[in-house]
Amino acid sequence: MKSPKDPGLSICGLLTACLAILLVQSAFGELVITDGFQSEGIEVPLQSALSAESGTLTIRFQVPQDWPTNNRGTLFHIGERAHVHVTLFSNSGRLTAVYKAGEEHYNSINVSETTDWEGGTWHEATFSWKADGQRVDFYLELDNELAGRQTGKLIDQWPSVGYVGARRTGQVWEGEIDRIHLTKTFIQPYELRSGTRTISVDGNQNQGVCTNFWSINNYTSQHMFLDPSYASKAKQDKPFMKYVNCVRMLGGREDGFNAWFKGIDKNGEAECDFSGLIKHLQGIQDAGYTPRIVLDNIPTAMSEPGEMATYGNTRPAINLNVWHSYIQQAIQSMVDAFGMNTVSQWRIRVGTEPDLYPGHWRGTKEEYLRHYDCTVDAILSVIPNAEIGPGNILNPSNKDRVNGIGQKPWGLDIVDHCAIGTNTWTGETGTAMTFLECSWYGQVGRPIDSINVAIQRMRERLERYPQFTDLPISISEFSILRDEHNYRGQGDITEWGASWYAAIAERVYDLDIQQVHEWGQTTRSILHPRTQVIGLLERMQDGELLQVDVNAESAANAGAIACLKDGRYYILLYNHRPWRSPSLPEQIDLNLKAI
């Protein structure tokens, strides 16, 4: 029925939970098979279609109307032995591709974005793999976009049959399938092919200014600034820093630092000694930097007793009047020490990631909103024109993340409260907010498009309210958080990180992101490749940002940032892809239209 020269096996037709009509195409003609599809999948011979060493399967399918379902459904499965299988399946709406050669050799591609698909919609998945000795690289494309890549070990005994629409006799796909193509040929994903592009810079089109967005560094402790010699070390380790973002400066720490709260006096006011805090802030300024104030954590003596969260005490204050007094005194001590003109220029943030339970906030959304209203009132009672906003919210592009108590991120709801909600402290409508910040982290192997989604969702929420339409947006936690194996680290220090940062920088300008906070920039005072890009951007700072047009024939994220400064053109070219390997060249033709 099938020629040995046939490059693959195609099955076409409509597979539903009741009926499967399969069309098997071969070099000799067509074979139409009609069979039931209720309790078991359709068996497919694999001898000429797929192998352990290489293969590509492409399947077009419809998700059930009630997507995402809670059930586990299988689109394709190969495997007769425990822990040895190749499977493409969904679980609670997340699509997963697995190439597994044994219990100790498990890797998978997991795609949570599929939970956003609408019920009843049609999609196409391509699952491909190729061996290099005992190593197997496998890939998953969804709707013509690379969704992930992983590495496994070669399966030693390849089964003779596979199953469409079920895992042998169970975990049946509840939607429809109308086409599947199997071939032993490894088809390189489109996004991993070399290409060509033309980049044109128009020196006559001014698109704005190359602003400095990289000069703020987060410090979760500030005591090191008490040592005058630290200034020289800071300049070596963080050479582009101008602002110190002071996080966890109010106590509530496991290390016992910053214990400014001393108790409650007879009038119910907080008793405080902020002399140490003032020394920290003075040390920051003596080193040549400007402080930024983050009002966290809450001193443990103000909260219900209990274990610390990952980042300290994140329980709400028992008595908001005491917290109000504490914040009021903290801000007043700064004004007394440094003057109103100076402190009123410092940005003040109320906490960190309030929608991260329990890491940064163990309370409810409603408790944070009360906390925010109270804190803002305390600040404004001292600095009426303070630049103030909520804690940086979790990445808004990841709206389906679930925290420890089953809640989804609610950070954007703070905007609604500040715009039209009832201020729980004053009883008036709305609460002051002059900026909005979020966290956004990247990962090797993941596209950077989610930064666009995050900023778009922030702007859409702000634009619901005229008073917030032009509010500045910043990213105050930012790094390459995980590598291609999902291991969490302290940021990538390879050349890949340089192209990643350049691609991010272009989007920062395009999306009008005001600031992007930094963590580490060096190792033993040696600049990371990513930081080298910051050095190039600093040379372009304050220049005229020029229009750049890209005409491409590839999926690479390659482009340019261009500016005109002091009569000279600066063009930063980059070629970025989500994966470190394979290393793919990109032919770029650069055209400059000068004035």
# chains A, B, ... in the order shown; residues from 1 in each chain; ligands from 1

call {"tool": "residues_around", "arguments": {"residues": "segment 320-332 of chain A", "least_positions_apart": "3", "cutoff": "8 Å", "atoms": "only C-alpha atoms", "output": "list in words"}}
result
Phe261, Ile264, Gly268, Glu269, Ala270, Glu271, Cys272, Phe274, Met302, Ala317, Val335, Asp336, His371, Cys374, Thr375, Asp377, Ala378, Ile379, Ser381 and Val382 of chain A

call {"tool": "select_by_dssp", "arguments": {"residues": "segment 134-195 of chain A", "states": "strand (DSSP E or B)", "output": "PyMOL selection string"}}
result
chain A and resi 135-142+145-153+161-164+167+170+172+176-183+195

call {"tool": "write_last_selection", "arguments": {"atoms": "C-alpha atoms", "output": "compact mmCIF listing (two decimals), in the first residue's frame"}}
result
# COMPACT_ATOMS: atom_id res chain seq x y z
CA ARG A 135 21.35 13.38 22.07
CA VAL A 136 18.03 14.36 20.52
CA ASP A 137 16.95 17.97 19.98
CA PHE A 138 13.20 18.35 19.62
CA TYR A 139 11.05 21.32 18.71
CA LEU A 140 7.42 22.38 18.81
CA GLU A 141 5.87 24.90 16.45
CA LEU A 142 2.35 26.20 16.96
CA GLU A 145 5.70 29.98 15.35
CA LEU A 146 8.39 28.20 17.34
CA ALA A 147 6.93 27.56 20.79
CA GLY A 148 9.85 25.74 22.37
CA ARG A 149 12.90 23.53 22.12
CA GLN A 150 14.34 20.86 24.39
CA THR A 151 16.95 18.12 24.46
CA GLY A 152 16.44 14.46 25.26
CA LYS A 153 18.16 11.08 24.94
CA VAL A 161 2.89 1.85 15.59
CA GLY A 162 1.70 5.23 16.82
CA TYR A 163 -1.72 6.57 17.76
CA VAL A 164 -3.62 9.57 16.49
CA ARG A 167 -2.74 7.60 24.10
CA GLY A 170 -7.15 6.47 26.73
CA VAL A 172 -8.80 10.81 23.95
CA GLU A 176 -11.47 17.32 16.01
CA ILE A 177 -8.48 16.41 13.87
CA ASP A 178 -8.59 16.75 10.11
CA ARG A 179 -5.01 16.25 8.94
CA ILE A 180 -1.74 14.74 10.14
CA HIS A 181 1.47 14.31 8.15
CA LEU A 182 4.35 12.12 9.36
CA THR A 183 7.81 11.93 7.83
CA GLY A 195 17.75 34.54 6.17

call {"tool": "select_by_dssp", "arguments": {"residues": "segment 334-420 of chain A", "states": "helix (DSSP H, G or I)", "output": "PyMOL selection string"}}
result
chain A and resi 334-338+340-343+365-380+413-420

call {"tool": "residues_around", "arguments": {"residues": "segment 429-439 of chain A", "least_positions_apart": "4", "cutoff": "8 Å", "atoms": "only C-alpha atoms", "output": "count of residues only"}}
result
28

call {"tool": "atom_distance", "arguments": {"atom1": "atom CA of Arg362 of chain A", "atom2": "atom CA of Pro316 of chain A"}}
result
7.2 Å

call {"tool": "residues_around", "arguments": {"residues": "Ala386 of chain A", "least_positions_apart": "3", "cutoff": "9 Å", "atoms": "only C-alpha atoms", "output": "number ranges by chain"}}
result
A: 343-348, 379-380, 382-383, 434

call {"tool": "write_last_selection", "arguments": {"atoms": "all heavy atoms", "output": "mmCIF file, in the first residue's frame"}}
result
data_model
loop_
_atom_site.group_PDB
_atom_site.id
_atom_site.type_symbol
_atom_site.label_atom_id
_atom_site.label_comp_id
_atom_site.auth_asym_id
_atom_site.auth_seq_id
_atom_site.Cartn_x
_atom_site.Cartn_y
_atom_site.Cartn_z
ATOM 1 N N VAL A 343 14.152 65.837 48.567
ATOM 2 C CA VAL A 343 13.387 64.597 48.756
ATOM 3 C C VAL A 343 12.161 64.556 47.846
ATOM 4 O O VAL A 343 11.755 63.478 47.401
ATOM 5 C CB VAL A 343 12.974 64.445 50.234
ATOM 6 C CG1 VAL A 343 12.187 63.154 50.457
ATOM 7 C CG2 VAL A 343 14.215 64.453 51.134
ATOM 8 N N SER A 344 11.577 65.697 47.526
ATOM 9 C CA SER A 344 10.403 65.704 46.651
ATOM 10 C C SER A 344 10.736 65.251 45.235
ATOM 11 O O SER A 344 9.841 64.935 44.449
ATOM 12 C CB SER A 344 9.776 67.099 46.617
ATOM 13 O OG SER A 344 10.681 68.055 46.071
ATOM 14 N N GLN A 345 12.032 65.193 44.904
ATOM 15 C CA GLN A 345 12.454 64.708 43.589
ATOM 16 C C GLN A 345 12.669 63.194 43.566
ATOM 17 O O GLN A 345 12.898 62.614 42.501
ATOM 18 C CB GLN A 345 13.756 65.401 43.159
ATOM 19 C CG GLN A 345 13.676 66.911 43.117
ATOM 20 C CD GLN A 345 12.624 67.412 42.154
ATOM 21 O OE1 GLN A 345 12.561 66.957 41.009
ATOM 22 N NE2 GLN A 345 11.784 68.328 42.607
ATOM 23 N N TRP A 346 12.610 62.544 44.734
ATOM 24 C CA TRP A 346 12.851 61.106 44.800
ATOM 25 C C TRP A 346 11.551 60.347 44.527
ATOM 26 O O TRP A 346 10.524 60.613 45.172
ATOM 27 C CB TRP A 346 13.374 60.712 46.180
ATOM 28 C CG TRP A 346 14.698 61.322 46.540
ATOM 29 C CD1 TRP A 346 15.524 62.041 45.735
ATOM 30 C CD2 TRP A 346 15.326 61.268 47.825
ATOM 31 N NE1 TRP A 346 16.640 62.438 46.418
ATOM 32 C CE2 TRP A 346 16.546 61.976 47.711
ATOM 33 C CE3 TRP A 346 14.991 60.700 49.045
ATOM 34 C CZ2 TRP A 346 17.423 62.121 48.784
ATOM 35 C CZ3 TRP A 346 15.863 60.833 50.123
ATOM 36 C CH2 TRP A 346 17.068 61.536 49.983
ATOM 37 N N ARG A 347 11.600 59.422 43.632
ATOM 38 C CA ARG A 347 10.413 58.589 43.375
ATOM 39 C C ARG A 347 10.195 57.651 44.562
ATOM 40 O O ARG A 347 11.137 57.040 45.069
ATOM 41 C CB ARG A 347 10.592 57.786 42.087
ATOM 42 C CG ARG A 347 9.468 56.815 41.802
ATOM 43 C CD ARG A 347 9.584 56.185 40.424
ATOM 44 N NE ARG A 347 9.214 57.130 39.374
ATOM 45 C CZ ARG A 347 9.009 56.787 38.101
ATOM 46 N NH1 ARG A 347 9.145 55.522 37.725
ATOM 47 N NH2 ARG A 347 8.684 57.689 37.210
ATOM 48 N N ILE A 348 8.916 57.537 44.979
ATOM 49 C CA ILE A 348 8.568 56.702 46.132
ATOM 50 C C ILE A 348 7.594 55.615 45.684
ATOM 51 O O ILE A 348 6.540 55.916 45.110
ATOM 52 C CB ILE A 348 7.934 57.545 47.259
ATOM 53 C CG1 ILE A 348 8.892 58.675 47.664
ATOM 54 C CG2 ILE A 348 7.599 56.669 48.454
ATOM 55 C CD1 ILE A 348 8.300 59.635 48.684
ATOM 56 N N ILE A 379 2.473 59.832 53.083
ATOM 57 C CA ILE A 379 3.511 60.501 52.294
ATOM 58 C C ILE A 379 3.075 61.909 51.917
ATOM 59 O O ILE A 379 3.834 62.883 52.072
ATOM 60 C CB ILE A 379 3.823 59.670 51.033
ATOM 61 C CG1 ILE A 379 4.416 58.312 51.420
ATOM 62 C CG2 ILE A 379 4.784 60.424 50.116
ATOM 63 C CD1 ILE A 379 4.425 57.312 50.290
ATOM 64 N N LEU A 380 1.853 62.030 51.419
ATOM 65 C CA LEU A 380 1.374 63.335 50.969
ATOM 66 C C LEU A 380 1.209 64.316 52.115
ATOM 67 O O LEU A 380 1.247 65.538 51.899
ATOM 68 C CB LEU A 380 0.041 63.169 50.227
ATOM 69 C CG LEU A 380 0.097 62.364 48.922
ATOM 70 C CD1 LEU A 380 -1.279 62.286 48.280
ATOM 71 C CD2 LEU A 380 1.109 62.962 47.943
ATOM 72 N N VAL A 382 3.352 64.880 54.193
ATOM 73 C CA VAL A 382 4.668 65.498 54.341
ATOM 74 C C VAL A 382 5.106 66.158 53.037
ATOM 75 O O VAL A 382 5.609 67.286 53.033
ATOM 76 C CB VAL A 382 5.717 64.445 54.780
ATOM 77 C CG1 VAL A 382 7.094 65.093 54.950
ATOM 78 C CG2 VAL A 382 5.292 63.760 56.058
ATOM 79 N N ILE A 383 4.917 65.453 51.907
ATOM 80 C CA ILE A 383 5.324 65.971 50.584
ATOM 81 C C ILE A 383 4.078 65.999 49.698
ATOM 82 O O ILE A 383 3.732 64.989 49.069
ATOM 83 C CB ILE A 383 6.413 65.094 49.945
ATOM 84 C CG1 ILE A 383 7.584 64.877 50.913
ATOM 85 C CG2 ILE A 383 6.912 65.719 48.645
ATOM 86 C CD1 ILE A 383 8.651 63.931 50.381
ATOM 87 N N THR A 434 1.352 58.477 40.249
ATOM 88 C CA THR A 434 2.018 59.253 39.197
ATOM 89 C C THR A 434 2.879 58.405 38.272
ATOM 90 O O THR A 434 3.487 58.932 37.344
ATOM 91 C CB THR A 434 2.901 60.356 39.826
ATOM 92 O OG1 THR A 434 3.928 59.748 40.622
ATOM 93 C CG2 THR A 434 2.068 61.294 40.687
#

call {"tool": "atom_distance", "arguments": {"atom1": "atom CA of Thr169 of chain A", "atom2": "atom CA of Phe127 of chain A"}}
result
21.6 Å

call {"tool": "closest_residue", "arguments": {"among": "A:Cys246, A:Ala131, A:Val402, A:Leu527", "to": "Gly497 of chain A", "atoms": "only C-alpha atoms"}}
result
A:Leu527
